[in-house]
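Source file: query00.csv; contents: CSV, C-alpha atoms.
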```
chain,number,residue,atom,x,y,z
N,2,MET,CA,-96.6,107.6,13.1
N,3,SER,CA,-100.3,107.8,13.5
N,4,LEU,CA,-102.5,104.7,13.2
N,5,PHE,CA,-104.2,106.2,10.2
N,6,ALA,CA,-100.9,106.6,8.4
N,7,VAL,CA,-99.9,103.0,9.2
N,8,ILE,CA,-103.3,101.7,7.9
N,9,ALA,CA,-103.0,103.8,4.7
N,10,LEU,CA,-99.4,102.6,4.1
N,11,SER,CA,-100.2,99.0,4.8
N,12,LEU,CA,-103.1,99.1,2.3
N,13,ALA,CA,-100.9,100.9,-0.2
N,14,ILE,CA,-98.1,98.3,0.0
N,15,GLY,CA,-100.7,95.6,-0.5
N,16,ALA,CA,-101.9,97.4,-3.6
N,17,ILE,CA,-98.4,97.4,-4.9
N,18,ALA,CA,-98.3,93.6,-4.3
N,19,GLY,CA,-101.6,93.5,-6.3
N,20,LEU,CA,-99.8,95.1,-9.2
N,21,ARG,CA,-96.6,93.0,-9.0
N,22,SER,CA,-96.7,90.3,-6.4
N,23,LEU,CA,-92.9,90.1,-5.8
N,24,THR,CA,-92.0,93.8,-6.1
N,25,ALA,CA,-93.5,94.7,-2.8
N,26,PRO,CA,-91.7,92.1,-0.7
N,27,ALA,CA,-88.4,92.7,-2.5
N,28,VAL,CA,-88.6,96.4,-1.6
N,29,VAL,CA,-89.7,95.7,2.0
N,30,SER,CA,-86.7,93.3,2.3
N,31,TRP,CA,-84.3,96.0,1.0
N,32,ALA,CA,-85.9,98.6,3.3
N,33,ALA,CA,-85.3,96.2,6.3
N,34,GLN,CA,-81.7,95.6,5.1
N,35,TRP,CA,-81.0,99.3,4.9
N,36,ASN,CA,-82.6,99.9,8.3
N,37,TRP,CA,-85.5,102.0,6.9
N,38,ILE,CA,-87.8,99.6,8.8
N,39,ASN,CA,-87.1,97.5,11.9
N,40,LEU,CA,-88.2,93.9,11.8
N,41,GLN,CA,-85.8,92.7,14.4
N,42,ASN,CA,-87.3,90.5,17.2
N,43,SER,CA,-90.4,89.7,15.1
N,44,HIS,CA,-91.5,86.7,13.1
N,45,LEU,CA,-90.7,88.7,9.9
N,46,GLU,CA,-87.1,89.4,10.8
N,47,PHE,CA,-86.0,87.0,8.0
N,48,LEU,CA,-87.0,89.7,5.5
N,49,GLY,CA,-84.2,91.9,6.7
N,50,SER,CA,-81.5,89.4,5.7
N,51,ILE,CA,-79.3,90.1,2.6
N,52,ARG,CA,-80.1,86.6,1.3
N,53,ALA,CA,-83.8,87.4,1.4
N,54,ALA,CA,-83.3,90.7,-0.3
N,55,TRP,CA,-81.3,89.2,-3.2
N,56,ILE,CA,-83.7,86.2,-3.6
N,57,LEU,CA,-86.8,88.4,-3.6
N,58,THR,CA,-85.1,90.8,-6.0
N,59,ALA,CA,-84.3,88.0,-8.4
N,60,LEU,CA,-87.8,86.7,-8.2
N,61,ALA,CA,-89.3,90.1,-8.7
N,62,LEU,CA,-87.1,90.7,-11.8
N,63,GLY,CA,-88.3,87.3,-13.2
N,64,GLU,CA,-91.9,88.4,-12.6
N,65,LEU,CA,-91.3,91.7,-14.4
N,66,VAL,CA,-90.1,89.8,-17.4
N,67,SER,CA,-92.8,87.0,-17.3
N,68,ASP,CA,-95.6,89.6,-17.0
N,69,LYS,CA,-94.9,90.7,-20.6
N,70,LEU,CA,-95.2,87.2,-22.0
N,71,PRO,CA,-98.4,86.4,-23.9
N,72,PHE,CA,-99.2,83.2,-22.1
N,73,THR,CA,-98.9,84.6,-18.6
N,74,PRO,CA,-102.3,84.2,-16.9
N,75,ALA,CA,-104.3,87.2,-15.6
N,76,ARG,CA,-103.4,88.4,-12.1
N,77,THR,CA,-107.1,88.0,-11.1
N,78,LYS,CA,-107.0,84.2,-11.7
N,79,PRO,CA,-106.9,82.2,-8.5
N,80,GLY,CA,-103.2,81.3,-8.4
N,81,GLY,CA,-101.9,84.8,-9.1
N,82,LEU,CA,-104.5,86.4,-6.9
N,83,LEU,CA,-103.6,84.1,-3.9
N,84,ALA,CA,-99.9,84.9,-4.4
N,85,ARG,CA,-100.7,88.6,-4.3
N,86,ILE,CA,-102.9,88.2,-1.2
N,87,ALA,CA,-100.0,86.3,0.5
N,88,THR,CA,-97.3,88.8,-0.4
N,89,GLY,CA,-99.6,91.8,0.3
N,90,GLY,CA,-100.3,90.4,3.7
N,91,LEU,CA,-96.7,89.7,4.4
N,92,CYS,CA,-95.7,93.3,3.5
N,93,GLY,CA,-98.6,94.9,5.3
N,94,GLY,CA,-97.7,92.9,8.4
N,95,ALA,CA,-94.1,94.0,8.1
N,96,LEU,CA,-95.1,97.7,8.0
N,97,CYS,CA,-97.4,97.3,11.0
N,98,VAL,CA,-94.7,95.5,13.0
N,99,THR,CA,-92.3,98.4,12.2
N,100,ALA,CA,-94.9,100.9,13.5
N,101,GLY,CA,-95.5,98.9,16.7
N,102,GLU,CA,-99.0,97.8,15.5
N,103,SER,CA,-100.4,94.3,15.2
N,104,VAL,CA,-98.9,92.1,12.5
N,105,ILE,CA,-102.4,90.5,12.0
N,106,LEU,CA,-103.9,94.0,11.4
N,107,GLY,CA,-101.2,94.6,8.8
N,108,ALA,CA,-101.6,91.3,7.1
N,109,ILE,CA,-105.3,91.8,6.7
N,110,LEU,CA,-104.8,95.4,5.4
N,111,GLY,CA,-102.1,94.2,3.0
N,112,ALA,CA,-104.3,91.4,1.7
N,113,ILE,CA,-107.2,93.8,1.2
N,114,GLY,CA,-104.9,96.2,-0.6
N,115,ALA,CA,-103.6,93.4,-2.8
N,116,VAL,CA,-107.0,92.3,-3.9
N,117,ALA,CA,-107.9,96.0,-4.7
N,118,GLY,CA,-104.6,96.5,-6.5
N,119,ALA,CA,-104.9,93.3,-8.5
N,120,PHE,CA,-108.4,94.1,-9.8
N,121,ALA,CA,-107.9,97.8,-10.3
N,122,GLY,CA,-104.5,97.2,-12.1
N,123,TYR,CA,-106.0,94.5,-14.3
N,124,GLU,CA,-109.0,96.7,-15.2
N,125,LEU,CA,-107.0,99.8,-15.9
N,126,ARG,CA,-104.5,97.9,-18.1
N,127,HIS,CA,-107.2,96.0,-19.9
N,128,ARG,CA,-109.1,99.3,-20.7
N,129,LEU,CA,-106.0,101.2,-21.8
N,130,VAL,CA,-105.0,98.4,-24.2
N,131,THR,CA,-108.4,97.5,-25.6
N,132,LYS,CA,-110.4,100.8,-25.5
N,133,ARG,CA,-107.5,103.3,-26.0
N,134,ASN,CA,-105.4,101.1,-28.3
N,135,ALA,CA,-102.4,101.6,-26.1
N,136,SER,CA,-99.5,99.2,-26.5
N,137,ASP,CA,-99.7,96.4,-23.9
N,138,LEU,CA,-95.9,96.5,-23.5
N,139,VAL,CA,-95.9,100.3,-22.8
N,140,VAL,CA,-98.7,100.0,-20.3
N,141,ALA,CA,-97.0,97.1,-18.6
N,142,LEU,CA,-93.7,99.0,-18.3
N,143,ILE,CA,-95.5,102.0,-16.9
N,144,GLU,CA,-97.1,99.7,-14.4
N,145,ASP,CA,-93.7,98.3,-13.5
N,146,ALA,CA,-92.4,101.8,-12.8
N,147,VAL,CA,-95.5,102.7,-10.7
N,148,ALA,CA,-95.1,99.5,-8.7
N,149,ILE,CA,-91.3,99.9,-8.1
N,150,GLY,CA,-91.5,103.7,-7.5
N,151,GLY,CA,-94.6,103.4,-5.4
N,152,ALA,CA,-93.1,100.7,-3.2
N,153,PHE,CA,-90.0,102.8,-2.5
N,154,LEU,CA,-92.1,105.9,-1.8
N,155,ILE,CA,-94.3,104.0,0.7
N,156,LEU,CA,-91.2,102.5,2.5
N,157,SER,CA,-89.5,105.9,2.5
N,158,GLN,CA,-92.3,107.1,4.9
N,159,PHE,CA,-90.8,105.1,7.7
```
Produce structure tokens that represent the structure in this file.
Amino acid sequence: MSLFAVIALSLAIGAIAGLRSLTAPAVVSWAAQWNWINLQNSHLEFLGSIRAAWILTALALGELVSDKLPFTPARTKPGGLLARIATGGLCGGALCVTAGESVILGAILGAIGAVAGAFAGYELRHRLVTKRNASDLVVALIEDAVAIGGAFLILSQF
């Protein structure tokens, strides 16, 4: 795989983490479990365990539900944004390790993608709901589908 492709995919998985902070690591974990990616002999090997896959999946499902609640803070607030940066960095690092590139490069790319995804996702959702009178629930469910489908599409490239 070319370095350009690795960079693009690391940014993209970060953007997915920007949309849904726990969807990206859950899909990365399953991809490692299913041997789509190889994290063995790296510091990120733990992501390939079945325990990590199930725990991250449970957390991701909880996030998908909590995102729809009216009191959930915006993803661009410091706490949510930091979580997205961390999980985007983790996932970007995992993709770079798989491709034989620097984990640090991947972490930086994933974190950048997460910030971009968080702000772009927030802005798009906000505009669709307020300016187009779209249902927030419908927009959120579409965003869920984009995050899940996008993450699997990205990981399928390995």
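Going from atom CA of Ala75 of chain N to atom CA of Trp31 of chain N covers 27.4 Å.
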Distance table requested - segment 48-90 of chain N against segment 102-110 of chain N, cut-off 10 Å, all atoms listed in the file: one row per qualifying residue with the closest atom pair and its distance in Å to one decimal, ordered by chain and rising residue number, as a Markdown table.
```
| residue | atom | partner | partner_atom | distance |
| --- | --- | --- | --- | --- |
| N:Ile86 | CA | N:Ala108 | CA | 9.0 |
| N:Ala87 | CA | N:Ala108 | CA | 8.4 |
| N:Thr88 | CA | N:Ala108 | CA | 9.0 |
| N:Gly89 | CA | N:Ala108 | CA | 7.1 |
| N:Gly90 | CA | N:Ala108 | CA | 3.7 |
```
Selection from above, C-alpha atoms, as a short mmCIF file (atom, residue, chain, number, x, y, z; two decimals), keeping the file's coordinate frame, can you write it?
```cif
data_model
loop_
_atom_site.label_atom_id
_atom_site.label_comp_id
_atom_site.auth_asym_id
_atom_site.auth_seq_id
_atom_site.Cartn_x
_atom_site.Cartn_y
_atom_site.Cartn_z
CA ILE N 86 -102.90 88.20 -1.20
CA ALA N 87 -100.00 86.30 0.50
CA THR N 88 -97.30 88.80 -0.40
CA GLY N 89 -99.60 91.80 0.30
CA GLY N 90 -100.30 90.40 3.70
#
```
Compile the contact shell of Trp35 of chain N as a JSON list (two decimals) with C-alpha atoms, in the coordinates of the input: residues with an atom at most 10 Å away, counting all atoms listed in the file, same-chain residues fewer than 6 positions apart removed.
```
[["chain", "number", "residue", "atom", "x", "y", "z"],
["N", 29, "VAL", "CA", -89.70, 95.70, 2.00],
["N", 49, "GLY", "CA", -84.20, 91.90, 6.70],
["N", 50, "SER", "CA", -81.50, 89.40, 5.70],
["N", 51, "ILE", "CA", -79.30, 90.10, 2.60]]
```
Problem - Radius query 12 Å about (-96.4, 99.8, -20.8), atoms used: all atoms listed in the file, as number ranges by chain - result: N: 65, 68-69, 125-127, 129-130, 134-147
Write out, as a Markdown table, each residue of segment 19-123 of chain N that has an atom at most 8 Å from segment 10-14 of chain N, together with the closest pair of atoms and their distance in Å to one decimal, counting all atoms listed in the file, rows going by chain and rising number.
```
| residue | atom | partner | partner_atom | distance |
| --- | --- | --- | --- | --- |
| N:Ala25 | CA | N:Ile14 | CA | 6.5 |
| N:Gly89 | CA | N:Ile14 | CA | 6.7 |
| N:Cys92 | CA | N:Ile14 | CA | 6.6 |
| N:Gly93 | CA | N:Ser11 | CA | 4.4 |
| N:Gly94 | CA | N:Ser11 | CA | 7.5 |
| N:Leu96 | CA | N:Ser11 | CA | 6.2 |
| N:Cys97 | CA | N:Ser11 | CA | 7.0 |
| N:Gly107 | CA | N:Ser11 | CA | 6.0 |
| N:Leu110 | CA | N:Leu12 | CA | 5.1 |
| N:Gly111 | CA | N:Leu12 | CA | 5.0 |
| N:Ala112 | CA | N:Leu12 | CA | 7.8 |
| N:Ile113 | CA | N:Leu12 | CA | 6.8 |
| N:Gly114 | CA | N:Leu12 | CA | 4.5 |
| N:Ala115 | CA | N:Leu12 | CA | 7.7 |
```
Quick one: contact table of segment 79-156 of chain N to segment 40-44 of chain N, 9 Å max, nearest atom pair and distance in Å to one decimal per residue, counting all atoms listed in the file, chain and number order, as a tab-separated table?
```
residue	atom	partner	partner_atom	distance
N:Ala95	CA	N:Leu40	CA	7.0
N:Leu96	CA	N:Leu40	CA	8.7
N:Val98	CA	N:Leu40	CA	6.8
N:Thr99	CA	N:Leu40	CA	6.1
```
Handout entry: Spatial neighbours of segment 19-24 of chain N, max dist 6 Å, all atoms listed in the file, sep filter under 4 positions, as a PyMOL selection string
Key = chain N and resi 61+85+115+118-119+122
Just segment 126-138 of chain N from the block, all heavy atoms, as a PDB file, in the first residue's frame, could you?
```
ATOM      1  N   ARG N 126     -24.619  18.466  10.871  1.00  0.00           N
ATOM      2  CA  ARG N 126     -25.826  18.061  11.600  1.00  0.00           C
ATOM      3  C   ARG N 126     -26.608  19.273  12.068  1.00  0.00           C
ATOM      4  O   ARG N 126     -27.840  19.335  11.925  1.00  0.00           O
ATOM      5  CB  ARG N 126     -25.441  17.161  12.774  1.00  0.00           C
ATOM      6  CG  ARG N 126     -26.624  16.627  13.552  1.00  0.00           C
ATOM      7  CD  ARG N 126     -26.164  15.570  14.522  1.00  0.00           C
ATOM      8  NE  ARG N 126     -27.175  15.207  15.483  1.00  0.00           N
ATOM      9  CZ  ARG N 126     -27.004  14.305  16.442  1.00  0.00           C
ATOM     10  NH1 ARG N 126     -25.840  13.665  16.534  1.00  0.00           N
ATOM     11  NH2 ARG N 126     -27.942  14.034  17.295  1.00  0.00           N
ATOM     12  N   HIS N 127     -25.907  20.246  12.620  1.00  0.00           N
ATOM     13  CA  HIS N 127     -26.560  21.455  13.113  1.00  0.00           C
ATOM     14  C   HIS N 127     -27.286  22.189  11.980  1.00  0.00           C
ATOM     15  O   HIS N 127     -28.440  22.619  12.145  1.00  0.00           O
ATOM     16  CB  HIS N 127     -25.518  22.371  13.767  1.00  0.00           C
ATOM     17  CG  HIS N 127     -26.084  23.638  14.316  1.00  0.00           C
ATOM     18  ND1 HIS N 127     -26.843  23.670  15.458  1.00  0.00           N
ATOM     19  CD2 HIS N 127     -26.019  24.908  13.871  1.00  0.00           C
ATOM     20  CE1 HIS N 127     -27.212  24.915  15.702  1.00  0.00           C
ATOM     21  NE2 HIS N 127     -26.726  25.685  14.743  1.00  0.00           N
ATOM     22  N   ARG N 128     -26.642  22.316  10.835  1.00  0.00           N
ATOM     23  CA  ARG N 128     -27.267  23.010   9.703  1.00  0.00           C
ATOM     24  C   ARG N 128     -28.476  22.248   9.166  1.00  0.00           C
ATOM     25  O   ARG N 128     -29.488  22.855   8.827  1.00  0.00           O
ATOM     26  CB  ARG N 128     -26.261  23.224   8.582  1.00  0.00           C
ATOM     27  CG  ARG N 128     -25.297  24.329   8.868  1.00  0.00           C
ATOM     28  CD  ARG N 128     -24.387  24.582   7.711  1.00  0.00           C
ATOM     29  NE  ARG N 128     -23.378  25.554   8.085  1.00  0.00           N
ATOM     30  CZ  ARG N 128     -22.694  26.259   7.222  1.00  0.00           C
ATOM     31  NH1 ARG N 128     -22.889  26.100   5.926  1.00  0.00           N
ATOM     32  NH2 ARG N 128     -21.785  27.114   7.638  1.00  0.00           N
ATOM     33  N   LEU N 129     -28.351  20.931   9.061  1.00  0.00           N
ATOM     34  CA  LEU N 129     -29.482  20.146   8.555  1.00  0.00           C
ATOM     35  C   LEU N 129     -30.695  20.257   9.469  1.00  0.00           C
ATOM     36  O   LEU N 129     -31.828  20.348   9.003  1.00  0.00           O
ATOM     37  CB  LEU N 129     -29.082  18.679   8.386  1.00  0.00           C
ATOM     38  CG  LEU N 129     -28.158  18.382   7.210  1.00  0.00           C
ATOM     39  CD1 LEU N 129     -27.661  16.942   7.273  1.00  0.00           C
ATOM     40  CD2 LEU N 129     -28.866  18.647   5.892  1.00  0.00           C
ATOM     41  N   VAL N 130     -30.440  20.267  10.767  1.00  0.00           N
ATOM     42  CA  VAL N 130     -31.546  20.317  11.730  1.00  0.00           C
ATOM     43  C   VAL N 130     -32.134  21.723  11.833  1.00  0.00           C
ATOM     44  O   VAL N 130     -33.354  21.879  11.821  1.00  0.00           O
ATOM     45  CB  VAL N 130     -31.081  19.801  13.114  1.00  0.00           C
ATOM     46  CG1 VAL N 130     -32.131  20.052  14.178  1.00  0.00           C
ATOM     47  CG2 VAL N 130     -30.747  18.320  13.027  1.00  0.00           C
ATOM     48  N   THR N 131     -31.290  22.746  11.899  1.00  0.00           N
ATOM     49  CA  THR N 131     -31.806  24.098  12.118  1.00  0.00           C
ATOM     50  C   THR N 131     -32.209  24.820  10.844  1.00  0.00           C
ATOM     51  O   THR N 131     -33.210  25.527  10.828  1.00  0.00           O
ATOM     52  CB  THR N 131     -30.781  24.975  12.868  1.00  0.00           C
ATOM     53  OG1 THR N 131     -29.576  25.050  12.098  1.00  0.00           O
ATOM     54  CG2 THR N 131     -30.486  24.419  14.249  1.00  0.00           C
ATOM     55  N   LYS N 132     -31.488  24.641   9.783  1.00  0.00           N
ATOM     56  CA  LYS N 132     -31.774  25.403   8.554  1.00  0.00           C
ATOM     57  C   LYS N 132     -32.645  24.632   7.564  1.00  0.00           C
ATOM     58  O   LYS N 132     -33.334  25.223   6.754  1.00  0.00           O
ATOM     59  CB  LYS N 132     -30.471  25.821   7.896  1.00  0.00           C
ATOM     60  CG  LYS N 132     -29.601  26.681   8.800  1.00  0.00           C
ATOM     61  CD  LYS N 132     -28.792  27.647   8.029  1.00  0.00           C
ATOM     62  CE  LYS N 132     -27.790  28.399   8.840  1.00  0.00           C
ATOM     63  NZ  LYS N 132     -28.145  29.305   9.768  1.00  0.00           N
ATOM     64  N   ARG N 133     -32.601  23.314   7.622  1.00  0.00           N
ATOM     65  CA  ARG N 133     -33.398  22.499   6.691  1.00  0.00           C
ATOM     66  C   ARG N 133     -34.582  21.830   7.388  1.00  0.00           C
ATOM     67  O   ARG N 133     -35.309  21.071   6.766  1.00  0.00           O
ATOM     68  CB  ARG N 133     -32.526  21.421   6.045  1.00  0.00           C
ATOM     69  CG  ARG N 133     -31.354  21.940   5.281  1.00  0.00           C
ATOM     70  CD  ARG N 133     -31.792  22.507   3.967  1.00  0.00           C
ATOM     71  NE  ARG N 133     -30.621  22.922   3.214  1.00  0.00           N
ATOM     72  CZ  ARG N 133     -30.657  23.771   2.232  1.00  0.00           C
ATOM     73  NH1 ARG N 133     -31.790  24.292   1.863  1.00  0.00           N
ATOM     74  NH2 ARG N 133     -29.568  24.104   1.606  1.00  0.00           N
ATOM     75  N   ASN N 134     -34.704  22.073   8.697  1.00  0.00           N
ATOM     76  CA  ASN N 134     -35.796  21.512   9.498  1.00  0.00           C
ATOM     77  C   ASN N 134     -35.840  19.990   9.447  1.00  0.00           C
ATOM     78  O   ASN N 134     -36.912  19.389   9.524  1.00  0.00           O
ATOM     79  CB  ASN N 134     -37.144  22.098   9.084  1.00  0.00           C
ATOM     80  CG  ASN N 134     -37.221  23.580   9.388  1.00  0.00           C
ATOM     81  OD1 ASN N 134     -36.722  24.035  10.408  1.00  0.00           O
ATOM     82  ND2 ASN N 134     -37.821  24.338   8.488  1.00  0.00           N
ATOM     83  N   ALA N 135     -34.692  19.370   9.306  1.00  0.00           N
ATOM     84  CA  ALA N 135     -34.628  17.908   9.328  1.00  0.00           C
ATOM     85  C   ALA N 135     -34.749  17.430  10.770  1.00  0.00           C
ATOM     86  O   ALA N 135     -34.385  18.142  11.710  1.00  0.00           O
ATOM     87  CB  ALA N 135     -33.307  17.427   8.727  1.00  0.00           C
ATOM     88  N   SER N 136     -35.250  16.239  10.932  1.00  0.00           N
ATOM     89  CA  SER N 136     -35.360  15.647  12.261  1.00  0.00           C
ATOM     90  C   SER N 136     -33.962  15.316  12.786  1.00  0.00           C
ATOM     91  O   SER N 136     -33.171  14.658  12.099  1.00  0.00           O
ATOM     92  CB  SER N 136     -36.194  14.367  12.178  1.00  0.00           C
ATOM     93  OG  SER N 136     -35.997  13.569  13.321  1.00  0.00           O
ATOM     94  N   ASP N 137     -33.680  15.777  14.003  1.00  0.00           N
ATOM     95  CA  ASP N 137     -32.370  15.492  14.597  1.00  0.00           C
ATOM     96  C   ASP N 137     -32.145  13.987  14.714  1.00  0.00           C
ATOM     97  O   ASP N 137     -31.036  13.509  14.463  1.00  0.00           O
ATOM     98  CB  ASP N 137     -32.245  16.155  15.973  1.00  0.00           C
ATOM     99  CG  ASP N 137     -30.841  15.996  16.548  1.00  0.00           C
ATOM    100  OD1 ASP N 137     -29.882  16.423  15.878  1.00  0.00           O
ATOM    101  OD2 ASP N 137     -30.717  15.416  17.643  1.00  0.00           O
ATOM    102  N   LEU N 138     -33.167  13.236  15.073  1.00  0.00           N
ATOM    103  CA  LEU N 138     -33.030  11.790  15.206  1.00  0.00           C
ATOM    104  C   LEU N 138     -32.682  11.150  13.862  1.00  0.00           C
ATOM    105  O   LEU N 138     -31.778  10.302  13.785  1.00  0.00           O
ATOM    106  CB  LEU N 138     -34.305  11.164  15.772  1.00  0.00           C
ATOM    107  CG  LEU N 138     -34.290   9.641  15.901  1.00  0.00           C
ATOM    108  CD1 LEU N 138     -33.167   9.181  16.833  1.00  0.00           C
ATOM    109  CD2 LEU N 138     -35.635   9.137  16.377  1.00  0.00           C
TER     110      LEU N 138
END
```
